[in-house]
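*Asks:* Structure file protein_17.cif, mmCIF, N, CA and C atoms, is pasted below:
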```cif
data_my_file
loop_
_atom_site.group_PDB
_atom_site.id
_atom_site.type_symbol
_atom_site.label_atom_id
_atom_site.label_comp_id
_atom_site.auth_asym_id
_atom_site.auth_seq_id
_atom_site.Cartn_x
_atom_site.Cartn_y
_atom_site.Cartn_z
ATOM 1 N N MET V 1051 -89.904 -71.483 40.640
ATOM 2 C CA MET V 1051 -91.079 -71.127 41.421
ATOM 3 C C MET V 1051 -90.831 -71.517 42.882
ATOM 4 N N PRO V 1052 -91.039 -70.633 43.824
ATOM 5 C CA PRO V 1052 -90.851 -70.965 45.230
ATOM 6 C C PRO V 1052 -91.934 -71.924 45.706
ATOM 7 N N TRP V 1053 -91.595 -72.683 46.740
ATOM 8 C CA TRP V 1053 -92.531 -73.638 47.319
ATOM 9 C C TRP V 1053 -93.692 -72.886 47.956
ATOM 10 N N VAL V 1054 -94.907 -73.371 47.725
ATOM 11 C CA VAL V 1054 -96.113 -72.735 48.236
ATOM 12 C C VAL V 1054 -96.913 -73.780 49.012
ATOM 13 N N HIS V 1055 -97.404 -73.418 50.200
ATOM 14 C CA HIS V 1055 -98.218 -74.350 50.990
ATOM 15 C C HIS V 1055 -99.678 -74.227 50.581
ATOM 16 N N ARG V 1056 -100.215 -75.325 50.047
ATOM 17 C CA ARG V 1056 -101.629 -75.387 49.686
ATOM 18 C C ARG V 1056 -102.164 -76.744 50.091
ATOM 19 N N ASP V 1057 -103.423 -76.785 50.435
ATOM 20 C CA ASP V 1057 -104.101 -78.036 50.769
ATOM 21 C C ASP V 1057 -105.249 -78.243 49.805
ATOM 22 N N ALA V 1058 -105.564 -79.493 49.547
ATOM 23 C CA ALA V 1058 -106.691 -79.823 48.680
ATOM 24 C C ALA V 1058 -107.607 -80.785 49.423
ATOM 25 N N ALA V 1059 -108.893 -80.645 49.162
ATOM 26 C CA ALA V 1059 -109.886 -81.528 49.775
ATOM 27 C C ALA V 1059 -110.917 -81.907 48.719
ATOM 28 N N ALA V 1060 -111.404 -83.138 48.821
ATOM 29 C CA ALA V 1060 -112.447 -83.612 47.912
ATOM 30 C C ALA V 1060 -113.672 -83.997 48.742
ATOM 31 N N THR V 1061 -114.842 -83.792 48.167
ATOM 32 C CA THR V 1061 -116.086 -84.141 48.847
ATOM 33 C C THR V 1061 -116.731 -85.347 48.169
ATOM 34 N N THR V 1062 -117.696 -85.935 48.838
ATOM 35 C CA THR V 1062 -118.416 -87.060 48.252
ATOM 36 C C THR V 1062 -119.309 -86.615 47.100
ATOM 37 N N GLU V 1063 -119.514 -85.316 46.961
ATOM 38 C CA GLU V 1063 -120.307 -84.774 45.858
ATOM 39 C C GLU V 1063 -119.442 -84.460 44.636
ATOM 40 N N ARG V 1064 -118.195 -84.962 44.598
ATOM 41 C CA ARG V 1064 -117.276 -84.809 43.470
ATOM 42 C C ARG V 1064 -116.692 -83.410 43.323
ATOM 43 N N HIS V 1065 -116.628 -82.657 44.389
ATOM 44 C CA HIS V 1065 -116.033 -81.322 44.331
ATOM 45 C C HIS V 1065 -114.619 -81.364 44.903
ATOM 46 N N VAL V 1066 -113.744 -80.552 44.324
ATOM 47 C CA VAL V 1066 -112.370 -80.408 44.798
ATOM 48 C C VAL V 1066 -112.181 -78.954 45.210
ATOM 49 N N PHE V 1067 -111.620 -78.748 46.384
ATOM 50 C CA PHE V 1067 -111.341 -77.409 46.895
ATOM 51 C C PHE V 1067 -109.854 -77.295 47.171
ATOM 52 N N VAL V 1068 -109.256 -76.175 46.792
ATOM 53 C CA VAL V 1068 -107.848 -75.904 47.083
ATOM 54 C C VAL V 1068 -107.787 -74.684 47.994
ATOM 55 N N LEU V 1069 -107.060 -74.842 49.104
ATOM 56 C CA LEU V 1069 -106.964 -73.803 50.139
ATOM 57 C C LEU V 1069 -105.517 -73.378 50.304
ATOM 58 N N ASP V 1070 -105.307 -72.118 50.678
ATOM 59 C CA ASP V 1070 -103.953 -71.672 50.985
ATOM 60 C C ASP V 1070 -103.635 -71.989 52.445
ATOM 61 N N ALA V 1071 -102.444 -71.606 52.890
ATOM 62 C CA ALA V 1071 -102.005 -71.927 54.251
ATOM 63 C C ALA V 1071 -102.897 -71.311 55.323
ATOM 64 N N GLY V 1072 -103.570 -70.204 55.013
ATOM 65 C CA GLY V 1072 -104.461 -69.551 55.965
ATOM 66 C C GLY V 1072 -105.890 -70.077 55.944
ATOM 67 N N GLY V 1073 -106.170 -71.060 55.088
ATOM 68 C CA GLY V 1073 -107.504 -71.634 55.014
ATOM 69 C C GLY V 1073 -108.446 -70.942 54.046
ATOM 70 N N GLN V 1074 -107.933 -69.961 53.297
ATOM 71 C CA GLN V 1074 -108.756 -69.274 52.303
ATOM 72 C C GLN V 1074 -108.885 -70.142 51.050
ATOM 73 N N MET V 1075 -110.102 -70.245 50.522
ATOM 74 C CA MET V 1075 -110.311 -71.030 49.318
ATOM 75 C C MET V 1075 -109.737 -70.292 48.111
ATOM 76 N N LEU V 1076 -108.853 -70.967 47.367
ATOM 77 C CA LEU V 1076 -108.243 -70.385 46.180
ATOM 78 C C LEU V 1076 -109.064 -70.689 44.938
ATOM 79 N N TRP V 1077 -109.534 -71.915 44.840
ATOM 80 C CA TRP V 1077 -110.414 -72.289 43.727
ATOM 81 C C TRP V 1077 -111.112 -73.592 44.045
ATOM 82 N N GLN V 1078 -112.129 -73.877 43.242
ATOM 83 C CA GLN V 1078 -112.862 -75.125 43.381
ATOM 84 C C GLN V 1078 -113.226 -75.631 41.992
ATOM 85 N N ALA V 1079 -113.465 -76.934 41.901
ATOM 86 C CA ALA V 1079 -113.823 -77.543 40.624
ATOM 87 C C ALA V 1079 -114.686 -78.765 40.902
ATOM 88 N N ALA V 1080 -115.374 -79.226 39.875
ATOM 89 C CA ALA V 1080 -116.185 -80.441 39.975
ATOM 90 C C ALA V 1080 -115.552 -81.515 39.101
ATOM 91 N N ALA V 1081 -115.434 -82.719 39.632
ATOM 92 C CA ALA V 1081 -114.869 -83.844 38.888
ATOM 93 C C ALA V 1081 -115.987 -84.576 38.141
ATOM 94 N N PRO V 1082 -115.655 -85.208 37.018
ATOM 95 C CA PRO V 1082 -116.683 -85.903 36.235
ATOM 96 C C PRO V 1082 -117.088 -87.258 36.802
ATOM 97 N N ASP V 1083 -116.379 -87.742 37.823
ATOM 98 C CA ASP V 1083 -116.651 -89.060 38.402
ATOM 99 C C ASP V 1083 -116.286 -89.009 39.885
ATOM 100 N N ASP V 1084 -116.660 -90.028 40.637
ATOM 101 C CA ASP V 1084 -116.311 -90.080 42.058
ATOM 102 C C ASP V 1084 -114.794 -90.058 42.236
ATOM 103 N N ILE V 1085 -114.330 -89.305 43.222
ATOM 104 C CA ILE V 1085 -112.897 -89.145 43.482
ATOM 105 C C ILE V 1085 -112.460 -90.201 44.488
ATOM 106 N N GLN V 1086 -111.456 -90.988 44.099
ATOM 107 C CA GLN V 1086 -110.947 -92.040 44.968
ATOM 108 C C GLN V 1086 -109.698 -91.602 45.718
ATOM 109 N N SER V 1087 -108.838 -90.799 45.061
ATOM 110 C CA SER V 1087 -107.627 -90.316 45.718
ATOM 111 C C SER V 1087 -107.294 -88.914 45.218
ATOM 112 N N LEU V 1088 -106.521 -88.210 46.029
ATOM 113 C CA LEU V 1088 -106.190 -86.816 45.735
ATOM 114 C C LEU V 1088 -104.750 -86.577 46.163
ATOM 115 N N ILE V 1089 -103.940 -86.029 45.270
ATOM 116 C CA ILE V 1089 -102.534 -85.766 45.565
ATOM 117 C C ILE V 1089 -102.199 -84.347 45.122
ATOM 118 N N CYS V 1090 -101.597 -83.567 46.017
ATOM 119 C CA CYS V 1090 -101.147 -82.215 45.670
ATOM 120 C C CYS V 1090 -99.766 -82.287 45.043
ATOM 121 N N ALA V 1091 -99.521 -81.468 44.039
ATOM 122 C CA ALA V 1091 -98.190 -81.380 43.433
ATOM 123 C C ALA V 1091 -97.214 -80.862 44.491
ATOM 124 N N PRO V 1092 -95.977 -81.345 44.489
ATOM 125 C CA PRO V 1092 -95.032 -80.978 45.556
ATOM 126 C C PRO V 1092 -94.682 -79.495 45.627
ATOM 127 N N VAL V 1093 -94.799 -78.748 44.541
ATOM 128 C CA VAL V 1093 -94.476 -77.317 44.574
ATOM 129 C C VAL V 1093 -95.721 -76.444 44.520
ATOM 130 N N GLY V 1094 -96.893 -77.039 44.730
ATOM 131 C CA GLY V 1094 -98.123 -76.262 44.808
ATOM 132 C C GLY V 1094 -98.665 -75.773 43.487
ATOM 133 N N THR V 1095 -98.419 -76.518 42.406
ATOM 134 C CA THR V 1095 -98.863 -76.077 41.087
ATOM 135 C C THR V 1095 -100.131 -76.760 40.594
ATOM 136 N N GLY V 1096 -100.610 -77.756 41.308
ATOM 137 C CA GLY V 1096 -101.813 -78.454 40.857
ATOM 138 C C GLY V 1096 -102.186 -79.612 41.749
ATOM 139 N N VAL V 1097 -103.197 -80.356 41.297
ATOM 140 C CA VAL V 1097 -103.734 -81.492 42.035
ATOM 141 C C VAL V 1097 -103.983 -82.626 41.052
ATOM 142 N N LEU V 1098 -103.627 -83.843 41.451
ATOM 143 C CA LEU V 1098 -103.977 -85.031 40.691
ATOM 144 C C LEU V 1098 -105.124 -85.734 41.402
ATOM 145 N N CYS V 1099 -106.158 -86.062 40.650
ATOM 146 C CA CYS V 1099 -107.313 -86.775 41.197
ATOM 147 C C CYS V 1099 -107.388 -88.149 40.563
ATOM 148 N N GLY V 1100 -107.388 -89.180 41.382
ATOM 149 C CA GLY V 1100 -107.642 -90.530 40.909
ATOM 150 C C GLY V 1100 -109.143 -90.764 40.995
ATOM 151 N N LEU V 1101 -109.777 -91.061 39.866
ATOM 152 C CA LEU V 1101 -111.222 -91.224 39.836
ATOM 153 C C LEU V 1101 -111.620 -92.699 39.965
ATOM 154 N N GLN V 1102 -112.811 -92.937 40.439
ATOM 155 C CA GLN V 1102 -113.333 -94.281 40.643
ATOM 156 C C GLN V 1102 -113.303 -95.093 39.345
ATOM 157 N N SER V 1103 -113.471 -94.440 38.213
ATOM 158 C CA SER V 1103 -113.498 -95.111 36.913
ATOM 159 C C SER V 1103 -112.118 -95.596 36.471
ATOM 160 N N GLY V 1104 -111.055 -95.171 37.177
ATOM 161 C CA GLY V 1104 -109.694 -95.532 36.810
ATOM 162 C C GLY V 1104 -108.968 -94.420 36.073
ATOM 163 N N ARG V 1105 -109.679 -93.383 35.693
ATOM 164 C CA ARG V 1105 -109.051 -92.250 35.014
ATOM 165 C C ARG V 1105 -108.307 -91.388 36.026
ATOM 166 N N ILE V 1106 -107.358 -90.617 35.529
ATOM 167 C CA ILE V 1106 -106.608 -89.665 36.342
ATOM 168 C C ILE V 1106 -106.869 -88.278 35.777
ATOM 169 N N LEU V 1107 -107.235 -87.367 36.643
ATOM 170 C CA LEU V 1107 -107.536 -85.996 36.248
ATOM 171 C C LEU V 1107 -106.482 -85.075 36.855
ATOM 172 N N CYS V 1108 -105.805 -84.284 36.008
ATOM 173 C CA CYS V 1108 -104.791 -83.345 36.471
ATOM 174 C C CYS V 1108 -105.376 -81.940 36.405
ATOM 175 N N MET V 1109 -105.412 -81.267 37.549
ATOM 176 C CA MET V 1109 -105.900 -79.884 37.599
ATOM 177 C C MET V 1109 -104.724 -78.993 37.986
ATOM 178 N N GLU V 1110 -104.384 -78.057 37.110
ATOM 179 C CA GLU V 1110 -103.284 -77.128 37.370
ATOM 180 C C GLU V 1110 -103.805 -75.715 37.369
ATOM 181 N N TRP V 1111 -103.153 -74.840 38.099
ATOM 182 C CA TRP V 1111 -103.567 -73.435 38.111
ATOM 183 C C TRP V 1111 -102.384 -72.579 37.697
ATOM 184 N N GLN V 1112 -102.702 -71.372 37.292
ATOM 185 C CA GLN V 1112 -101.696 -70.413 36.863
ATOM 186 C C GLN V 1112 -101.726 -69.205 37.777
ATOM 187 N N ARG V 1113 -100.587 -68.572 37.891
ATOM 188 C CA ARG V 1113 -100.513 -67.302 38.610
ATOM 189 C C ARG V 1113 -100.856 -66.194 37.657
ATOM 190 N N GLU V 1114 -101.544 -65.196 38.152
ATOM 191 C CA GLU V 1114 -101.855 -64.036 37.317
ATOM 192 C C GLU V 1114 -100.997 -62.871 37.705
#
```
Step by step, read the file and then write its structure as structure tokens.

*Replies:*
Amino acid sequence: MPWVHRDAAATTERHVFVLDAGGQMLWQAAAPDDIQSLICAPVGTGVLCGLQSGRILCMEWQRE
């Protein structure tokens, strides 16, 4: 899979947004707990969310 530039952002309302290089929203999701940290996968395949509760949530997307 070729490298893809994507950015992820989390809000205080527990929402995660993933944007492409042009700033277009690709998808969004809601986390079950407050988000403490957010890490994008190095090849643009997903996002890891560290939650306040200590759990780790992995969100991956697929190409259609």

*Asks:* Restricting the calculation to only C-alpha atoms, which member of V:Asp1070, V:Asp1083, V:Asp1057, V:Glu1063 is positioned closest to Cys1099 in chain V?

*Replies:* V:Asp1083

*Asks:* To verify the selection step, state as an NGL selection string which residues the PyMOL selection byres ((chain V and resi 1077) around 7) yields on this input.

*Replies:* :V and (1066-1069 or 1074-1076 or 1078-1079)

*Asks:* Write to file, as a compact mmCIF listing (two decimals), in the coordinates of the input, the residues of the selection just made, with N, CA and C atoms.

*Replies:*
```
# COMPACT_ATOMS: atom_id res chain seq x y z
N VAL V 1066 -113.74 -80.55 44.32
CA VAL V 1066 -112.37 -80.41 44.80
C VAL V 1066 -112.18 -78.95 45.21
N PHE V 1067 -111.62 -78.75 46.38
CA PHE V 1067 -111.34 -77.41 46.90
C PHE V 1067 -109.85 -77.30 47.17
N VAL V 1068 -109.26 -76.18 46.79
CA VAL V 1068 -107.85 -75.90 47.08
C VAL V 1068 -107.79 -74.68 47.99
N LEU V 1069 -107.06 -74.84 49.10
CA LEU V 1069 -106.96 -73.80 50.14
C LEU V 1069 -105.52 -73.38 50.30
N GLN V 1074 -107.93 -69.96 53.30
CA GLN V 1074 -108.76 -69.27 52.30
C GLN V 1074 -108.88 -70.14 51.05
N MET V 1075 -110.10 -70.24 50.52
CA MET V 1075 -110.31 -71.03 49.32
C MET V 1075 -109.74 -70.29 48.11
N LEU V 1076 -108.85 -70.97 47.37
CA LEU V 1076 -108.24 -70.39 46.18
C LEU V 1076 -109.06 -70.69 44.94
N GLN V 1078 -112.13 -73.88 43.24
CA GLN V 1078 -112.86 -75.12 43.38
C GLN V 1078 -113.23 -75.63 41.99
N ALA V 1079 -113.46 -76.93 41.90
CA ALA V 1079 -113.82 -77.54 40.62
C ALA V 1079 -114.69 -78.76 40.90
```

*Asks:* Please evaluate the PyMOL selection byres (((chain V and resi 1109 and name CA) around 12) and name CA) against the displayed coordinates and give the resulting residues as a short mmCIF file (atom, residue, chain, number, x, y, z; two decimals) with N, CA and C atoms, in the coordinates of the input.

*Replies:*
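Result file is expr.cif:
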```cif
data_model
loop_
_atom_site.label_atom_id
_atom_site.label_comp_id
_atom_site.auth_asym_id
_atom_site.auth_seq_id
_atom_site.Cartn_x
_atom_site.Cartn_y
_atom_site.Cartn_z
N ALA V 1058 -105.56 -79.49 49.55
CA ALA V 1058 -106.69 -79.82 48.68
C ALA V 1058 -107.61 -80.78 49.42
N VAL V 1066 -113.74 -80.55 44.32
CA VAL V 1066 -112.37 -80.41 44.80
C VAL V 1066 -112.18 -78.95 45.21
N PHE V 1067 -111.62 -78.75 46.38
CA PHE V 1067 -111.34 -77.41 46.90
C PHE V 1067 -109.85 -77.30 47.17
N VAL V 1068 -109.26 -76.18 46.79
CA VAL V 1068 -107.85 -75.90 47.08
C VAL V 1068 -107.79 -74.68 47.99
N TRP V 1077 -109.53 -71.92 44.84
CA TRP V 1077 -110.41 -72.29 43.73
C TRP V 1077 -111.11 -73.59 44.04
N GLN V 1078 -112.13 -73.88 43.24
CA GLN V 1078 -112.86 -75.12 43.38
C GLN V 1078 -113.23 -75.63 41.99
N ALA V 1079 -113.46 -76.93 41.90
CA ALA V 1079 -113.82 -77.54 40.62
C ALA V 1079 -114.69 -78.76 40.90
N ALA V 1080 -115.37 -79.23 39.88
CA ALA V 1080 -116.18 -80.44 39.98
C ALA V 1080 -115.55 -81.52 39.10
N ALA V 1081 -115.43 -82.72 39.63
CA ALA V 1081 -114.87 -83.84 38.89
C ALA V 1081 -115.99 -84.58 38.14
N LEU V 1088 -106.52 -88.21 46.03
CA LEU V 1088 -106.19 -86.82 45.74
C LEU V 1088 -104.75 -86.58 46.16
N ILE V 1089 -103.94 -86.03 45.27
CA ILE V 1089 -102.53 -85.77 45.56
C ILE V 1089 -102.20 -84.35 45.12
N CYS V 1090 -101.60 -83.57 46.02
CA CYS V 1090 -101.15 -82.22 45.67
C CYS V 1090 -99.77 -82.29 45.04
N ALA V 1091 -99.52 -81.47 44.04
CA ALA V 1091 -98.19 -81.38 43.43
C ALA V 1091 -97.21 -80.86 44.49
N GLY V 1094 -96.89 -77.04 44.73
CA GLY V 1094 -98.12 -76.26 44.81
C GLY V 1094 -98.66 -75.77 43.49
N THR V 1095 -98.42 -76.52 42.41
CA THR V 1095 -98.86 -76.08 41.09
C THR V 1095 -100.13 -76.76 40.59
N GLY V 1096 -100.61 -77.76 41.31
CA GLY V 1096 -101.81 -78.45 40.86
C GLY V 1096 -102.19 -79.61 41.75
N VAL V 1097 -103.20 -80.36 41.30
CA VAL V 1097 -103.73 -81.49 42.04
C VAL V 1097 -103.98 -82.63 41.05
N LEU V 1098 -103.63 -83.84 41.45
CA LEU V 1098 -103.98 -85.03 40.69
C LEU V 1098 -105.12 -85.73 41.40
N CYS V 1099 -106.16 -86.06 40.65
CA CYS V 1099 -107.31 -86.78 41.20
C CYS V 1099 -107.39 -88.15 40.56
N GLY V 1100 -107.39 -89.18 41.38
CA GLY V 1100 -107.64 -90.53 40.91
C GLY V 1100 -109.14 -90.76 41.00
N ILE V 1106 -107.36 -90.62 35.53
CA ILE V 1106 -106.61 -89.66 36.34
C ILE V 1106 -106.87 -88.28 35.78
N LEU V 1107 -107.24 -87.37 36.64
CA LEU V 1107 -107.54 -86.00 36.25
C LEU V 1107 -106.48 -85.08 36.85
N CYS V 1108 -105.80 -84.28 36.01
CA CYS V 1108 -104.79 -83.34 36.47
C CYS V 1108 -105.38 -81.94 36.40
N GLU V 1110 -104.38 -78.06 37.11
CA GLU V 1110 -103.28 -77.13 37.37
C GLU V 1110 -103.80 -75.72 37.37
N TRP V 1111 -103.15 -74.84 38.10
CA TRP V 1111 -103.57 -73.44 38.11
C TRP V 1111 -102.38 -72.58 37.70
N GLN V 1112 -102.70 -71.37 37.29
CA GLN V 1112 -101.70 -70.41 36.86
C GLN V 1112 -101.73 -69.20 37.78
#
```

*Asks:* Carefully work through the PyMOL selection byres (((chain V and resi 1103 and name CA) around 8) and name CA) for this structure and note down the residues it includes, as a PDB file with N, CA and C atoms, in the frame of the given file.

*Replies:*
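Once everything was written out, this is out-v2.pdb:
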```pdb
ATOM      1  N   ASP V1083    -116.379 -87.742  37.823  1.00  0.00           N
ATOM      2  CA  ASP V1083    -116.651 -89.060  38.402  1.00  0.00           C
ATOM      3  C   ASP V1083    -116.286 -89.009  39.885  1.00  0.00           C
ATOM      4  N   ASP V1084    -116.660 -90.028  40.637  1.00  0.00           N
ATOM      5  CA  ASP V1084    -116.311 -90.080  42.058  1.00  0.00           C
ATOM      6  C   ASP V1084    -114.794 -90.058  42.236  1.00  0.00           C
ATOM      7  N   LEU V1101    -109.777 -91.061  39.866  1.00  0.00           N
ATOM      8  CA  LEU V1101    -111.222 -91.224  39.836  1.00  0.00           C
ATOM      9  C   LEU V1101    -111.620 -92.699  39.965  1.00  0.00           C
ATOM     10  N   GLN V1102    -112.811 -92.937  40.439  1.00  0.00           N
ATOM     11  CA  GLN V1102    -113.333 -94.281  40.643  1.00  0.00           C
ATOM     12  C   GLN V1102    -113.303 -95.093  39.345  1.00  0.00           C
ATOM     13  N   GLY V1104    -111.055 -95.171  37.177  1.00  0.00           N
ATOM     14  CA  GLY V1104    -109.694 -95.532  36.810  1.00  0.00           C
ATOM     15  C   GLY V1104    -108.968 -94.420  36.073  1.00  0.00           C
ATOM     16  N   ARG V1105    -109.679 -93.383  35.693  1.00  0.00           N
ATOM     17  CA  ARG V1105    -109.051 -92.250  35.014  1.00  0.00           C
ATOM     18  C   ARG V1105    -108.307 -91.388  36.026  1.00  0.00           C
TER      19      ARG V1105
END
```

*Asks:* Tell me, which residues of chain V carry DSSP strand (DSSP E), written as a CSV table (one decimal) with N, CA and C atoms, in the frame of the given file?

*Replies:*
```csv
chain,number,residue,atom,x,y,z
V,1056,ARG,N,-100.2,-75.3,50.0
V,1056,ARG,CA,-101.6,-75.4,49.7
V,1056,ARG,C,-102.2,-76.7,50.1
V,1057,ASP,N,-103.4,-76.8,50.4
V,1057,ASP,CA,-104.1,-78.0,50.8
V,1057,ASP,C,-105.2,-78.2,49.8
V,1058,ALA,N,-105.6,-79.5,49.5
V,1058,ALA,CA,-106.7,-79.8,48.7
V,1058,ALA,C,-107.6,-80.8,49.4
V,1059,ALA,N,-108.9,-80.6,49.2
V,1059,ALA,CA,-109.9,-81.5,49.8
V,1059,ALA,C,-110.9,-81.9,48.7
V,1060,ALA,N,-111.4,-83.1,48.8
V,1060,ALA,CA,-112.4,-83.6,47.9
V,1060,ALA,C,-113.7,-84.0,48.7
V,1065,HIS,N,-116.6,-82.7,44.4
V,1065,HIS,CA,-116.0,-81.3,44.3
V,1065,HIS,C,-114.6,-81.4,44.9
V,1066,VAL,N,-113.7,-80.6,44.3
V,1066,VAL,CA,-112.4,-80.4,44.8
V,1066,VAL,C,-112.2,-79.0,45.2
V,1067,PHE,N,-111.6,-78.7,46.4
V,1067,PHE,CA,-111.3,-77.4,46.9
V,1067,PHE,C,-109.9,-77.3,47.2
V,1068,VAL,N,-109.3,-76.2,46.8
V,1068,VAL,CA,-107.8,-75.9,47.1
V,1068,VAL,C,-107.8,-74.7,48.0
V,1069,LEU,N,-107.1,-74.8,49.1
V,1069,LEU,CA,-107.0,-73.8,50.1
V,1069,LEU,C,-105.5,-73.4,50.3
V,1070,ASP,N,-105.3,-72.1,50.7
V,1070,ASP,CA,-104.0,-71.7,51.0
V,1070,ASP,C,-103.6,-72.0,52.4
V,1075,MET,N,-110.1,-70.2,50.5
V,1075,MET,CA,-110.3,-71.0,49.3
V,1075,MET,C,-109.7,-70.3,48.1
V,1076,LEU,N,-108.9,-71.0,47.4
V,1076,LEU,CA,-108.2,-70.4,46.2
V,1076,LEU,C,-109.1,-70.7,44.9
V,1077,TRP,N,-109.5,-71.9,44.8
V,1077,TRP,CA,-110.4,-72.3,43.7
V,1077,TRP,C,-111.1,-73.6,44.0
V,1078,GLN,N,-112.1,-73.9,43.2
V,1078,GLN,CA,-112.9,-75.1,43.4
V,1078,GLN,C,-113.2,-75.6,42.0
V,1079,ALA,N,-113.5,-76.9,41.9
V,1079,ALA,CA,-113.8,-77.5,40.6
V,1079,ALA,C,-114.7,-78.8,40.9
V,1080,ALA,N,-115.4,-79.2,39.9
V,1080,ALA,CA,-116.2,-80.4,40.0
V,1080,ALA,C,-115.6,-81.5,39.1
V,1085,ILE,N,-114.3,-89.3,43.2
V,1085,ILE,CA,-112.9,-89.1,43.5
V,1085,ILE,C,-112.5,-90.2,44.5
V,1086,GLN,N,-111.5,-91.0,44.1
V,1086,GLN,CA,-110.9,-92.0,45.0
V,1086,GLN,C,-109.7,-91.6,45.7
V,1087,SER,N,-108.8,-90.8,45.1
V,1087,SER,CA,-107.6,-90.3,45.7
V,1087,SER,C,-107.3,-88.9,45.2
V,1088,LEU,N,-106.5,-88.2,46.0
V,1088,LEU,CA,-106.2,-86.8,45.7
V,1088,LEU,C,-104.8,-86.6,46.2
V,1089,ILE,N,-103.9,-86.0,45.3
V,1089,ILE,CA,-102.5,-85.8,45.6
V,1089,ILE,C,-102.2,-84.3,45.1
V,1090,CYS,N,-101.6,-83.6,46.0
V,1090,CYS,CA,-101.1,-82.2,45.7
V,1090,CYS,C,-99.8,-82.3,45.0
V,1096,GLY,N,-100.6,-77.8,41.3
V,1096,GLY,CA,-101.8,-78.5,40.9
V,1096,GLY,C,-102.2,-79.6,41.7
V,1097,VAL,N,-103.2,-80.4,41.3
V,1097,VAL,CA,-103.7,-81.5,42.0
V,1097,VAL,C,-104.0,-82.6,41.1
V,1098,LEU,N,-103.6,-83.8,41.5
V,1098,LEU,CA,-104.0,-85.0,40.7
V,1098,LEU,C,-105.1,-85.7,41.4
V,1099,CYS,N,-106.2,-86.1,40.6
V,1099,CYS,CA,-107.3,-86.8,41.2
V,1099,CYS,C,-107.4,-88.1,40.6
V,1100,GLY,N,-107.4,-89.2,41.4
V,1100,GLY,CA,-107.6,-90.5,40.9
V,1100,GLY,C,-109.1,-90.8,41.0
V,1101,LEU,N,-109.8,-91.1,39.9
V,1101,LEU,CA,-111.2,-91.2,39.8
V,1101,LEU,C,-111.6,-92.7,40.0
V,1106,ILE,N,-107.4,-90.6,35.5
V,1106,ILE,CA,-106.6,-89.7,36.3
V,1106,ILE,C,-106.9,-88.3,35.8
V,1107,LEU,N,-107.2,-87.4,36.6
V,1107,LEU,CA,-107.5,-86.0,36.2
V,1107,LEU,C,-106.5,-85.1,36.9
V,1108,CYS,N,-105.8,-84.3,36.0
V,1108,CYS,CA,-104.8,-83.3,36.5
V,1108,CYS,C,-105.4,-81.9,36.4
V,1109,MET,N,-105.4,-81.3,37.5
V,1109,MET,CA,-105.9,-79.9,37.6
V,1109,MET,C,-104.7,-79.0,38.0
V,1110,GLU,N,-104.4,-78.1,37.1
V,1110,GLU,CA,-103.3,-77.1,37.4
V,1110,GLU,C,-103.8,-75.7,37.4
```

*Asks:* How far is it from atom N of Ala1059 in chain V to atom C of Pro1082 in chain V, in Å with one decimal?

*Replies:*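 We find that atom N of Ala1059 in chain V and atom C of Pro1082 in chain V lie 16.2 Å from each other.
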
*Asks:* How far is it from CA of Ile1085 in chain V to CA of Arg1064 in chain V, in Å with one decimal?

*Replies:*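 Going from CA of Ile1085 in chain V over to CA of Arg1064 in chain V, I get 6.2 Å.
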
*Asks:* To box range 1082-1099 of chain V, take all atoms listed in the file, fit an axis-aligned box, add 8 Å on each side, and give centre and edge lengths in Å to one decimal, as AutoDock Vina command-line options.

*Replies:*
```
--center_x -105.8 --center_y -83.9 --center_z 41.2 --size_x 38.6 --size_y 32.3 --size_z 25.9
```

*Asks:* What does the distance from atom N of Val1093 in chain V to atom N of Thr1061 in chain V come to in Å, to one decimal?

*Replies:*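 Answer for the atom N of Val1093 in chain V to atom N of Thr1061 in chain V separation: 21.0 Å.
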